[in-house]
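Below is model.cif, which holds mmCIF, C-alpha atoms.
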data_upload
#
loop_
_atom_site.label_atom_id
_atom_site.label_comp_id
_atom_site.auth_asym_id
_atom_site.auth_seq_id
_atom_site.Cartn_x
_atom_site.Cartn_y
_atom_site.Cartn_z
CA MET A 165 15.51 -5.02 -22.13
CA THR A 166 18.09 -2.40 -21.25
CA ILE A 167 17.34 -0.09 -18.39
CA PRO A 168 18.92 3.37 -18.36
CA PRO A 169 21.85 3.54 -15.95
CA GLY A 170 21.04 5.05 -12.60
CA THR A 171 17.45 3.87 -12.66
CA THR A 172 17.86 0.14 -12.13
CA THR A 173 16.19 -1.33 -9.08
CA ALA A 174 16.51 -4.51 -7.13
CA THR A 175 12.94 -5.51 -7.86
CA ALA A 176 12.61 -4.66 -11.55
CA ARG A 177 14.91 -7.22 -13.02
CA ARG A 178 13.32 -7.74 -16.41
CA GLY A 179 10.86 -4.96 -17.16
CA TRP A 180 10.98 -1.24 -16.57
CA PRO A 181 12.31 0.14 -13.30
CA LEU A 182 10.01 0.44 -10.31
CA TRP A 183 8.89 3.88 -9.06
CA GLU A 184 7.24 4.75 -5.78
CA VAL A 185 4.29 7.12 -6.13
CA PHE A 186 3.48 9.90 -3.64
CA VAL A 187 0.37 12.05 -4.05
CA ARG A 188 -0.64 15.33 -2.39
CA ALA A 189 -4.40 14.97 -1.99
CA ARG A 190 -4.98 18.71 -1.67
CA ARG A 191 -3.19 21.92 -0.77
CA GLY A 192 -2.13 22.00 2.86
CA LEU A 193 -1.38 18.27 3.04
CA SER A 194 1.95 16.55 2.51
CA HIS A 195 2.50 13.94 -0.20
CA GLN A 196 1.52 10.44 0.86
CA HIS A 197 2.85 7.15 -0.45
CA LEU A 198 0.16 5.38 -2.50
CA GLY A 199 1.95 2.53 -4.24
CA SER A 200 4.33 1.81 -7.04
CA LEU A 201 4.42 1.34 -10.78
CA HIS A 202 6.82 0.55 -13.60
CA ALA A 203 7.91 3.07 -16.20
CA PRO A 204 10.93 3.57 -18.47
CA ASP A 205 11.61 7.10 -17.23
CA ALA A 206 10.40 9.78 -14.82
CA ALA A 207 8.15 11.51 -17.36
CA MET A 208 6.30 8.27 -18.17
CA ALA A 209 6.21 7.37 -14.48
CA LEU A 210 4.39 10.65 -13.78
CA ARG A 211 1.88 10.10 -16.57
CA ASN A 212 1.27 6.50 -15.51
CA ALA A 213 0.90 7.60 -11.89
CA ARG A 214 -1.75 10.12 -12.93
CA ASP A 215 -3.71 7.41 -14.76
CA VAL A 216 -3.31 4.74 -12.11
CA TYR A 217 -3.65 6.73 -8.89
CA THR A 218 -5.67 9.88 -9.65
CA ARG A 219 -8.58 8.86 -11.89
CA ARG A 220 -11.05 10.59 -9.58
CA GLY A 221 -9.26 13.80 -8.71
CA GLU A 222 -7.42 12.23 -5.75
CA GLY A 223 -4.46 14.56 -6.10
CA VAL A 224 -3.13 18.00 -6.97
CA SER A 225 0.54 17.01 -7.12
CA ILE A 226 2.47 13.78 -7.72
CA TRP A 227 6.02 12.74 -6.88
CA VAL A 228 7.62 9.66 -8.42
CA VAL A 229 10.84 8.34 -6.93
CA PRO A 230 12.95 5.43 -8.21
CA SER A 231 12.40 2.69 -5.61
CA ALA A 232 16.13 1.98 -5.62
CA ALA A 233 16.83 5.55 -4.49
CA ILE A 234 15.05 5.07 -1.19
CA SER A 235 17.02 3.95 1.84
CA ALA A 236 14.96 2.41 4.60
CA SER A 237 15.62 1.51 8.21
CA SER A 238 15.70 -2.20 8.85
CA PRO A 239 12.89 -3.95 10.69
CA ASP A 240 15.62 -6.14 12.27
CA GLU A 241 17.11 -3.12 13.98
CA LYS A 242 13.73 -1.72 15.00
CA ASP A 243 14.29 -1.91 18.74
CA SER A 244 17.84 -0.57 18.89
CA PHE A 245 17.22 1.99 16.15
CA PHE A 246 14.28 3.69 17.83
CA GLU A 247 15.33 2.96 21.39
CA PRO A 248 16.92 6.41 22.06
CA ALA A 249 13.47 8.00 21.76
CA MET A 250 11.65 5.57 23.99
CA ASP A 251 13.08 6.42 27.44
CA LYS A 252 12.65 10.17 27.29
CA ALA A 253 9.18 10.61 28.66
CA TYR A 254 10.06 14.20 29.59
CA ARG A 255 9.71 15.07 25.88
CA HIS A 256 5.95 14.74 26.26
CA PRO A 257 3.80 17.38 28.00
CA SER A 258 2.01 14.66 29.96
CA PHE A 259 5.28 14.07 31.89
CA TYR A 260 4.71 17.25 33.89
CA ASP A 261 2.29 17.72 36.77
CA VAL A 262 0.33 20.93 36.51
CA PRO A 263 -0.85 22.40 39.85
CA ASP A 264 -4.60 22.72 40.32
CA GLY A 265 -6.00 26.00 39.11
CA VAL A 266 -3.34 26.60 36.46
CA SER A 267 -4.83 26.77 32.98
CA HIS A 268 -3.70 27.59 29.44
CA LEU A 269 -0.49 25.66 30.04
CA MET B 59 20.55 0.07 5.68
CA HIS B 60 18.66 -1.62 2.90
CA ARG B 61 17.97 -0.26 -0.54
CA GLY B 62 14.45 -0.07 -1.87
CA VAL B 63 11.49 0.99 0.18
CA ASP B 64 9.50 -2.19 -0.09
CA ALA B 65 12.23 -4.61 -1.07
CA PRO B 66 11.59 -7.80 0.85
CA ARG B 67 14.38 -9.45 2.80
CA THR B 68 13.95 -12.88 1.34
CA PRO B 69 13.07 -13.59 -2.28
CA ALA B 70 9.85 -15.55 -2.62
CA VAL B 71 10.44 -17.37 -5.85
CA GLY B 72 13.76 -18.21 -7.39
CA GLY B 73 16.88 -17.11 -5.62
CA SER B 74 18.67 -14.79 -8.00
CA ALA B 75 18.15 -11.73 -5.83
CA ALA B 76 19.19 -13.42 -2.59
CA ALA B 77 22.66 -11.91 -2.54
CA GLU B 78 21.70 -8.29 -3.14
CA GLN B 79 18.87 -8.46 -0.62
CA ALA B 80 20.74 -10.26 2.14
CA PRO B 81 20.26 -8.59 5.51
CA ALA B 82 23.09 -6.40 6.76
CA LYS B 83 23.54 -8.45 9.92
CA PRO B 84 23.01 -12.16 10.59
CA PRO B 85 19.29 -12.92 10.92
CA ASP B 86 17.70 -13.68 14.26
CA THR B 87 16.98 -17.28 15.08
CA GLY B 88 13.99 -18.71 13.27
CA ALA B 89 12.05 -19.25 16.47
CA HIS B 90 12.46 -15.64 17.55
CA LEU B 91 11.31 -14.33 14.17
CA GLN B 92 8.33 -16.67 14.15
CA GLN B 93 7.42 -15.49 17.65
CA ARG B 94 7.50 -11.86 16.61
CA PHE B 95 5.36 -12.62 13.55
CA ASP B 96 2.84 -14.60 15.61
CA ALA B 97 2.63 -11.75 18.15
CA LEU B 98 1.88 -9.20 15.42
CA ILE B 99 -0.87 -11.42 13.99
CA ALA B 100 -2.30 -12.05 17.48
CA ASP B 101 -2.41 -8.28 18.15
CA ASP B 102 -4.18 -7.75 14.80
CA GLU B 103 -1.24 -5.61 13.68
CA ARG B 104 -0.27 -5.45 10.03
CA ILE B 105 2.67 -7.27 8.46
CA GLU B 106 4.69 -4.96 6.22
CA PRO B 107 6.88 -5.91 3.23
CA ARG B 108 10.29 -6.01 4.90
CA ASP B 109 9.14 -7.86 8.01
CA TRP B 110 10.14 -11.47 8.40
CA MET B 111 7.24 -13.76 7.49
CA PRO B 112 6.82 -17.54 7.22
CA THR B 113 7.41 -18.94 3.74
CA GLY B 114 3.88 -20.30 3.62
CA TYR B 115 2.39 -16.88 4.44
CA ARG B 116 4.41 -15.26 1.67
CA LYS B 117 3.51 -17.97 -0.83
CA THR B 118 -0.18 -17.85 0.04
CA LEU B 119 -0.26 -14.08 -0.42
CA ILE B 120 1.62 -14.20 -3.71
CA ARG B 121 -0.80 -16.84 -5.01
CA GLN B 122 -3.87 -14.95 -3.83
CA ILE B 123 -2.81 -11.43 -4.84
CA ALA B 124 -1.53 -12.59 -8.23
CA GLN B 125 -4.75 -14.49 -8.90
CA HIS B 126 -6.69 -11.39 -7.86
CA ALA B 127 -4.60 -9.14 -10.14
CA HIS B 128 -4.99 -11.56 -13.05
CA SER B 129 -8.77 -11.58 -12.47
CA GLU B 130 -8.87 -7.80 -12.78
CA ILE B 131 -7.09 -7.67 -16.11
CA ILE B 132 -8.81 -10.76 -17.58
CA GLY B 133 -12.05 -9.20 -16.32
CA MET B 134 -11.55 -6.37 -18.82
CA GLN B 135 -12.34 -8.74 -21.69
CA PRO B 136 -15.99 -9.72 -21.16
CA GLU B 137 -16.95 -6.05 -20.79
CA GLY B 138 -14.49 -4.71 -23.35
CA ASN B 139 -16.48 -6.92 -25.71
CA TRP B 140 -19.42 -4.47 -25.53
CA ILE B 141 -17.68 -1.08 -25.62
CA THR B 142 -18.17 -0.61 -29.36
CA ARG B 143 -21.80 -1.71 -29.11
CA ALA B 144 -22.93 0.24 -26.05
CA PRO B 145 -26.44 1.59 -26.70
CA SER B 146 -25.57 5.26 -26.12
CA LEU B 147 -22.59 7.55 -25.80
CA ARG B 148 -23.30 7.88 -22.08
CA ARG B 149 -23.29 4.10 -21.56
CA LYS B 150 -20.14 3.81 -23.65
CA ALA B 151 -18.26 6.44 -21.61
CA ILE B 152 -19.32 4.70 -18.40
CA LEU B 153 -18.24 1.28 -19.68
CA ILE B 154 -14.85 2.60 -20.80
CA ALA B 155 -14.32 4.15 -17.36
CA LYS B 156 -15.24 0.87 -15.71
CA VAL B 157 -12.92 -1.23 -17.87
CA GLN B 158 -10.15 1.31 -17.23
CA ASP B 159 -10.77 0.89 -13.49
CA GLU B 160 -10.32 -2.87 -13.84
CA ALA B 161 -6.93 -2.25 -15.43
CA GLY B 162 -6.08 0.12 -12.57
CA HIS B 163 -7.16 -2.47 -9.99
CA GLY B 164 -4.89 -4.99 -11.64
CA LEU B 165 -2.01 -2.52 -11.34
CA TYR B 166 -2.66 -1.80 -7.63
CA LEU B 167 -2.61 -5.55 -7.03
CA TYR B 168 0.50 -6.32 -9.07
CA SER B 169 2.15 -3.49 -7.14
CA ALA B 170 1.12 -5.15 -3.85
CA ALA B 171 2.33 -8.57 -5.07
CA GLU B 172 5.73 -7.13 -5.98
CA THR B 173 6.32 -6.05 -2.38
CA LEU B 174 6.53 -9.80 -1.65
CA GLY B 175 9.58 -10.19 -3.87
CA VAL B 176 8.05 -11.36 -7.13
CA ASP B 177 8.51 -9.72 -10.48
CA ARG B 178 5.47 -8.46 -12.36
CA GLU B 179 6.78 -9.87 -15.63
CA ASP B 180 7.10 -13.31 -14.05
CA LEU B 181 3.52 -13.17 -12.80
CA LEU B 182 2.28 -12.30 -16.30
CA ASP B 183 4.29 -15.21 -17.71
CA LEU B 184 2.66 -17.56 -15.19
CA LEU B 185 -0.78 -16.28 -16.22
CA HIS B 186 0.00 -16.67 -19.91
CA GLU B 187 1.32 -20.19 -19.36
CA GLY B 188 -1.79 -21.15 -17.42
CA LYS B 189 0.25 -21.73 -14.25
CA GLN B 190 -1.63 -19.15 -12.21
CA LYS B 191 -5.39 -18.81 -12.20
CA TYR B 192 -7.92 -16.01 -12.38
CA SER B 193 -11.53 -15.92 -11.23
CA SER B 194 -13.58 -18.53 -13.06
CA ILE B 195 -16.45 -16.05 -13.55
CA PHE B 196 -14.61 -14.44 -16.47
CA ASN B 197 -14.74 -17.67 -18.44
CA TYR B 198 -18.42 -17.08 -19.17
CA PRO B 199 -19.36 -15.24 -22.37
CA THR B 200 -21.14 -11.87 -22.51
CA LEU B 201 -23.90 -12.55 -25.01
CA SER B 202 -26.04 -9.41 -24.74
CA TRP B 203 -25.88 -5.81 -23.56
CA ALA B 204 -27.84 -6.86 -20.47
CA ASP B 205 -24.80 -8.92 -19.45
CA MET B 206 -23.05 -5.60 -18.71
CA GLY B 207 -25.81 -4.99 -16.20
CA ALA B 208 -25.67 -8.49 -14.70
CA ILE B 209 -21.87 -8.34 -14.39
CA GLY B 210 -21.96 -4.96 -12.66
CA TRP B 211 -24.78 -5.89 -10.31
CA LEU B 212 -23.92 -9.52 -9.51
CA VAL B 213 -20.25 -10.10 -10.37
CA ASP B 214 -19.01 -6.78 -9.00
CA GLY B 215 -21.48 -7.11 -6.13
CA ALA B 216 -19.98 -10.49 -5.20
CA ALA B 217 -16.48 -9.10 -5.66
CA ILE B 218 -17.22 -6.22 -3.25
CA MET B 219 -18.63 -8.70 -0.72
CA ASN B 220 -15.37 -10.67 -0.97
CA GLN B 221 -13.12 -7.62 -0.98
CA VAL B 222 -14.48 -5.51 1.86
CA PRO B 223 -13.14 -7.95 4.52
CA LEU B 224 -9.82 -8.03 2.63
CA CYS B 225 -9.34 -4.33 3.47
CA ARG B 226 -8.50 -5.65 6.97
CA CYS B 227 -6.12 -8.31 5.65
CA SER B 228 -3.05 -8.80 7.85
CA TYR B 229 -0.71 -7.95 4.96
CA GLY B 230 -0.53 -4.15 4.80
CA PRO B 231 -0.02 -3.52 1.06
CA TYR B 232 -2.84 -5.92 0.11
CA GLY B 233 -5.27 -4.30 2.54
CA ARG B 234 -4.38 -0.80 1.29
CA ALA B 235 -4.87 -1.85 -2.33
CA MET B 236 -8.26 -3.29 -1.39
CA VAL B 237 -9.38 -0.01 0.19
CA ARG B 238 -8.81 1.76 -3.12
CA VAL B 239 -10.43 -1.04 -5.12
CA CYS B 240 -13.54 -1.16 -2.94
CA LYS B 241 -14.07 2.61 -3.20
CA GLU B 242 -14.09 2.34 -6.98
CA GLU B 243 -16.14 -0.87 -7.21
CA SER B 244 -19.22 0.79 -5.73
CA PHE B 245 -19.65 2.74 -8.96
CA HIS B 246 -19.33 -0.51 -10.91
CA GLN B 247 -22.10 -2.21 -9.02
CA ARG B 248 -24.45 0.76 -9.27
CA GLN B 249 -23.97 1.26 -12.98
CA GLY B 250 -24.77 -2.44 -13.48
CA PHE B 251 -27.92 -2.15 -11.42
CA ASP B 252 -28.82 0.98 -13.40
CA ILE B 253 -28.48 -0.89 -16.72
CA LEU B 254 -30.69 -3.74 -15.50
CA HIS B 255 -33.23 -1.35 -14.00
CA THR B 256 -33.55 0.51 -17.29
CA LEU B 257 -33.96 -2.73 -19.26
CA SER B 258 -36.36 -4.37 -16.83
CA HIS B 259 -38.61 -1.31 -17.03
CA GLY B 260 -38.41 -1.17 -20.81
CA THR B 261 -40.03 -3.14 -23.63
CA PRO B 262 -40.90 -6.84 -23.17
CA ALA B 263 -37.85 -7.73 -25.28
CA GLN B 264 -35.61 -5.63 -23.00
CA GLN B 265 -37.16 -7.20 -19.92
CA ALA B 266 -36.50 -10.66 -21.33
CA MET B 267 -32.92 -9.69 -22.10
CA ALA B 268 -32.36 -8.53 -18.50
CA GLN B 269 -33.92 -11.71 -17.10
CA ASP B 270 -31.83 -13.90 -19.38
CA ALA B 271 -28.60 -12.20 -18.29
CA VAL B 272 -29.42 -12.68 -14.59
CA ASP B 273 -30.41 -16.32 -15.28
CA ARG B 274 -26.97 -16.98 -16.70
CA PHE B 275 -24.88 -14.99 -14.17
CA TRP B 276 -26.65 -15.79 -10.88
CA TRP B 277 -25.15 -19.21 -10.18
CA PRO B 278 -21.62 -18.44 -11.40
CA SER B 279 -21.74 -15.36 -9.12
CA LEU B 280 -22.51 -17.55 -6.10
CA MET B 281 -19.53 -19.72 -7.09
CA MET B 282 -17.27 -16.64 -6.83
CA PHE B 283 -17.18 -17.10 -3.04
CA GLY B 284 -15.37 -20.39 -3.52
CA PRO B 285 -16.27 -23.91 -2.43
CA PRO B 286 -18.02 -24.54 0.91
CA ASP B 287 -15.66 -23.90 3.84
CA GLU B 288 -15.30 -27.57 4.73
CA ARG B 289 -14.03 -28.26 1.21
CA SER B 290 -11.88 -25.16 0.84
CA ALA B 291 -8.19 -26.02 0.78
CA HIS B 292 -6.96 -22.66 2.03
CA THR B 293 -9.66 -21.26 4.34
CA ALA B 294 -8.43 -22.51 7.73
CA GLN B 295 -4.79 -21.45 7.37
CA SER B 296 -5.66 -18.13 5.70
CA THR B 297 -8.05 -17.36 8.55
CA ALA B 298 -5.38 -18.15 11.15
CA TRP B 299 -3.01 -15.77 9.36
CA GLY B 300 -5.56 -12.97 9.24
CA ILE B 301 -5.56 -12.97 5.44
CA LYS B 302 -9.12 -14.18 5.31
CA ARG B 303 -11.57 -12.59 7.73
CA LEU B 304 -14.86 -14.31 6.84
CA GLY B 305 -15.67 -17.77 5.50
CA ASN B 306 -16.88 -18.53 1.98
CA ASP B 307 -20.31 -19.71 3.17
CA GLU B 308 -20.95 -16.68 5.34
CA LEU B 309 -20.07 -14.28 2.52
CA ARG B 310 -22.22 -16.22 0.06
CA GLN B 311 -25.18 -16.07 2.46
CA ARG B 312 -24.76 -12.33 2.95
CA PHE B 313 -24.68 -11.85 -0.80
CA VAL B 314 -27.90 -13.83 -1.33
CA ASP B 315 -29.59 -11.89 1.48
CA ILE B 316 -28.85 -8.49 -0.07
CA CYS B 317 -29.60 -9.57 -3.64
CA VAL B 318 -33.14 -10.84 -3.06
CA PRO B 319 -34.73 -7.44 -2.26
CA GLN B 320 -32.66 -5.79 -5.00
CA ALA B 321 -33.96 -8.35 -7.52
CA ARG B 322 -37.48 -7.47 -6.40
CA ALA B 323 -36.78 -3.78 -7.07
CA LEU B 324 -35.53 -4.78 -10.51
CA ASP B 325 -38.63 -6.89 -11.11
CA ILE B 326 -36.32 -9.76 -12.02
CA THR B 327 -36.66 -13.36 -10.80
CA LEU B 328 -33.56 -15.03 -9.39
CA PRO B 329 -33.29 -18.46 -11.09
CA ASP B 330 -33.59 -20.60 -7.95
CA PRO B 331 -36.88 -22.37 -7.10
CA ASP B 332 -35.54 -23.15 -3.59
CA LEU B 333 -34.93 -19.52 -2.73
CA ARG B 334 -37.12 -18.56 0.23
CA TRP B 335 -36.96 -16.65 3.51
CA ASN B 336 -36.14 -18.81 6.52
CA GLU B 337 -37.66 -17.20 9.59
CA ASN B 338 -35.67 -19.39 12.00
CA ARG B 339 -32.29 -18.63 10.48
CA GLY B 340 -33.09 -15.03 9.66
CA HIS B 341 -31.61 -15.65 6.21
CA TYR B 342 -32.71 -16.75 2.77
CA ASP B 343 -32.36 -20.47 2.04
CA PHE B 344 -31.09 -21.17 -1.43
CA GLY B 345 -30.61 -24.19 -3.69
CA ALA B 346 -27.51 -26.32 -4.12
CA VAL B 347 -24.69 -24.79 -6.12
CA ASP B 348 -23.32 -27.03 -8.87
CA TRP B 349 -19.78 -27.39 -7.57
CA ALA B 350 -18.91 -29.80 -10.36
CA GLU B 351 -19.41 -26.90 -12.77
CA LEU B 352 -17.02 -24.68 -10.78
CA THR B 353 -14.38 -27.42 -10.76
CA ARG B 354 -14.84 -27.93 -14.48
CA VAL B 355 -14.47 -24.22 -15.30
CA ILE B 356 -11.46 -23.79 -12.97
CA LYS B 357 -9.77 -26.79 -14.61
CA GLY B 358 -10.02 -25.03 -17.97
CA ASP B 359 -13.23 -26.39 -19.44
CA GLY B 360 -15.38 -23.26 -19.20
CA PRO B 361 -17.00 -21.69 -22.24
CA CYS B 362 -14.26 -19.06 -22.76
CA ASN B 363 -11.09 -20.20 -20.93
CA GLU B 364 -9.06 -20.67 -24.07
CA GLN B 365 -10.28 -17.46 -25.70
CA ARG B 366 -9.49 -15.34 -22.61
CA ILE B 367 -5.90 -16.54 -22.30
CA GLN B 368 -5.33 -16.38 -26.04
CA ARG B 369 -6.58 -12.78 -26.10
CA ARG B 370 -4.40 -11.85 -23.12
CA ARG B 371 -1.32 -13.36 -24.73
CA SER B 372 -1.88 -11.64 -28.04
CA ALA B 373 -2.61 -8.29 -26.34
CA HIS B 374 0.71 -8.64 -24.51
CA GLU B 375 2.62 -9.61 -27.65
CA GLU B 376 0.96 -6.97 -29.81
CA GLY B 377 1.78 -4.35 -27.18
CA ALA B 378 5.49 -5.22 -27.20
CA TRP B 379 6.34 -2.46 -29.71
CA VAL B 380 4.82 0.16 -27.40
CA ARG B 381 6.97 -0.99 -24.51
CA GLU B 382 10.05 -1.11 -26.74
CA ALA B 383 9.37 2.36 -28.14
CA ALA B 384 8.95 3.85 -24.67
CA ASP B 385 12.14 2.16 -23.62
CA ALA B 386 14.07 3.44 -26.64
CA TYR B 387 12.75 6.96 -26.04
CA ALA B 388 13.77 6.85 -22.40
CA ARG B 389 17.27 5.67 -23.34
CA LYS B 390 17.69 8.32 -26.01
CA HIS B 391 16.39 11.03 -23.70
CA HIS B 392 18.71 9.83 -20.94
CA ASN B 393 21.73 9.79 -23.27
CA SER B 394 21.03 13.26 -24.63
CA SER B 395 20.59 14.77 -21.16
CA ALA B 396 23.82 13.06 -20.09
CA ALA B 397 25.56 14.61 -23.11
CA GLU B 398 24.15 18.03 -22.23
CA ALA B 399 25.45 17.68 -18.69
CA LEU B 400 28.94 17.03 -20.06
CA ALA B 401 28.85 19.93 -22.53
#

Using structure tokens, write down the structure from this file.
Amino acid sequence: MTIPPGTTTATARRGWPLWEVFVRARRGLSHQHLGSLHAPDAAMALRNARDVYTRRGEGVSIWVVPSAAISASSPDEKDSFFEPAMDKAYRHPSFYDVPDGVSHL
Amino acid sequence: MHRGVDAPRTPAVGGSAAAEQAPAKPPDTGAHLQQRFDALIADDERIEPRDWMPTGYRKTLIRQIAQHAHSEIIGMQPEGNWITRAPSLRRKAILIAKVQDEAGHGLYLYSAAETLGVDREDLLDLLHEGKQKYSSIFNYPTLSWADMGAIGWLVDGAAIMNQVPLCRCSYGPYGRAMVRVCKEESFHQRQGFDILHTLSHGTPAQQAMAQDAVDRFWWPSLMMFGPPDERSAHTAQSTAWGIKRLGNDELRQRFVDICVPQARALDITLPDPDLRWNENRGHYDFGAVDWAELTRVIKGDGPCNEQRIQRRRSAHEEGAWVREAADAYARKHHNSSAAEALA
């Protein structure tokens, strides 16, 4: 089965390409990753996502993204990758002592 | 950087994808990786797709999730059997929604299995070739409309009992899929109870039909929890890995305990002369399950094994033109939009 160029993924070797599905549950919330599905193109991926992930009104908006288009940080590099954020306690309000009697701070 | 959000680092079966998924830097020593994995399990943290995991853990999950996914889609058949003969439009709409849910549950689970580095098409091949199993309960026939009630009440009830602890499974994607499945299964169980309740409060013929369905599905439902723990091949290791949270026997006991009062409300007798309240244990005692029957059905000698697989294969083959048409449309659409971009 031929897959359209630009939509091939590492995981869909034989069938249709893999798409990651993100759903906005309601207005005011951001889209959240719910899972994945296979579809030949974006239009079908959206329709399939509606049927698979929103059968009970779980969403008001859906994004589908080719899995291959997502770049992820590596779990191997977890420590060094996030390390710059870990030693800066002064970025948190709890780092600072507030004198007694001072409020609304 | 690695491509693909949930692409695993090591392929689980076969090795064709090894090169493209090789880590960007040399892997840590095996002992260090194992230590980190063990620490996550000990802290009751979740393992996510691209984490290192022992080969056995990956294999166990692939086997279990695939078998679970197969059960969902094979499970569409016994109930699909009654869609055209549902007694009212309301019952028909409900049954269609339920069978559609089973398809959806299969898709959540195949999606979870794929995060472990297997291909959905390969899993379907294994099912069609009889190399991967599905729940033995679906090898029993659905002889009457009341079976829709018994399946919803007992089979889905047992499935929920099994699946609720799986929501806390150590493998993240499996647990998340289970949360969605469990939410939707509650409707399945209630609609089954509702069917039986209507029948058991109907004419004598309807009452007999409800009783007959429960008589046939009660024992196979108890078998759904698997063999006794001491004879279960996978229980100990799966428990250590946090895949399995409760033992087969404990889940089976819980199921019996909740079913007895519900059967009373249905005015239906559970087909077990040894079923009685045990004051000392604080549980219902129940008779011996025929484990030879379970073994027989799992090995392929159930009433419908052949029919279920045959139907699945032909549905897949007969659906090939739909997949090909969608593929051709996508290609054509892609080519024409590429041409427009050049114009």

Q | 6 Å contacts from chain A to chain B using all atoms listed in the file, as a VMD selection string | A | chain A and resid 168 200 204 to 205 216 231 to 232 234 to 237

Q. For the atom pair CA of Val347 (chain B) and CA of Trp277 (chain B), what is the interatomic distance in Å to one decimal place?
A.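 So the two atoms, CA of Val347 (chain B) and CA of Trp277 (chain B), lie 6.9 Å apart.
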
Q. Hey, can you check how far CA of Phe196 (chain B) sits from CA of Gly133 (chain B)?
A.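 These atoms are spaced 5.8 Å apart.
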
Q: Identify which of the residues A:Asn212, A:Arg178, A:Ser225, A:Ala207 lies closest to Arg190 (chain A), counting all atoms listed in the file when measuring atom-to-atom distances.
A: A:Ser225

Q. Quick one, how far is CA of Ile226 (chain A) from CA of Trp379 (chain B)?
A. 27.6 Å

Q: Evaluate the PyMOL selection byres ((chain B and resi 309-322) around 7) and record the selected residues as number ranges by chain, following the chain and residue labels used in the document.
A: B: 216, 219-220, 280, 283, 304-308, 323-328, 341-342

Q: Step by step, work through what the PyMOL selection byres ((chain A and resi 201) around 6) selects in the shown file, and finish by giving those residues as a list of chain:residue names.
A: A:Leu182, A:Trp183, A:Ser200, A:His202

**Q.** Evaluate the PyMOL selection byres ((chain A and resi 228) around 7) and report residues as a ChimeraX atom specification
**A.** /A:183-186,206,209-210,226-227,229-230

Q. Residues at most 10 Å from Gly215 (chain B), counting only C-alpha atoms, excluding those fewer than 5 positions away in the same chain, as a list in words?
A. Ala208, Ile209, Gly210, Asn220, Gln221, Glu243, Ser244, His246, Gln247, Arg248, Gly250, Phe251, Ser279, Phe313, Ile316 and Cys317 of chain B

Can I get region 208-219 of chain A with N, CA and C atoms filled in, as a compact mmCIF listing (two decimals), in the coordinates of the input?
# COMPACT_ATOMS: atom_id res chain seq x y z
N MET A 208 7.34 9.30 -18.00
CA MET A 208 6.30 8.27 -18.17
C MET A 208 5.76 7.82 -16.81
N ALA A 209 6.65 7.77 -15.83
CA ALA A 209 6.21 7.37 -14.48
C ALA A 209 5.15 8.35 -13.97
N LEU A 210 5.36 9.64 -14.22
CA LEU A 210 4.39 10.65 -13.78
C LEU A 210 3.05 10.48 -14.50
N ARG A 211 3.12 10.28 -15.80
CA ARG A 211 1.88 10.10 -16.57
C ARG A 211 1.14 8.83 -16.13
N ASN A 212 1.90 7.75 -15.96
CA ASN A 212 1.27 6.50 -15.51
C ASN A 212 0.67 6.67 -14.11
N ALA A 213 1.39 7.40 -13.26
CA ALA A 213 0.90 7.60 -11.89
C ALA A 213 -0.42 8.37 -11.92
N ARG A 214 -0.50 9.37 -12.81
CA ARG A 214 -1.75 10.12 -12.93
C ARG A 214 -2.89 9.18 -13.32
N ASP A 215 -2.64 8.30 -14.29
CA ASP A 215 -3.71 7.41 -14.76
C ASP A 215 -4.07 6.33 -13.75
N VAL A 216 -3.04 5.85 -13.03
CA VAL A 216 -3.31 4.74 -12.11
C VAL A 216 -3.86 5.23 -10.77
N TYR A 217 -3.31 6.35 -10.27
CA TYR A 217 -3.65 6.73 -8.89
C TYR A 217 -4.54 7.95 -8.74
N THR A 218 -4.83 8.67 -9.82
CA THR A 218 -5.67 9.88 -9.65
C THR A 218 -6.78 9.95 -10.71
N ARG A 219 -7.49 8.84 -10.89
CA ARG A 219 -8.58 8.86 -11.89
C ARG A 219 -9.81 9.62 -11.41
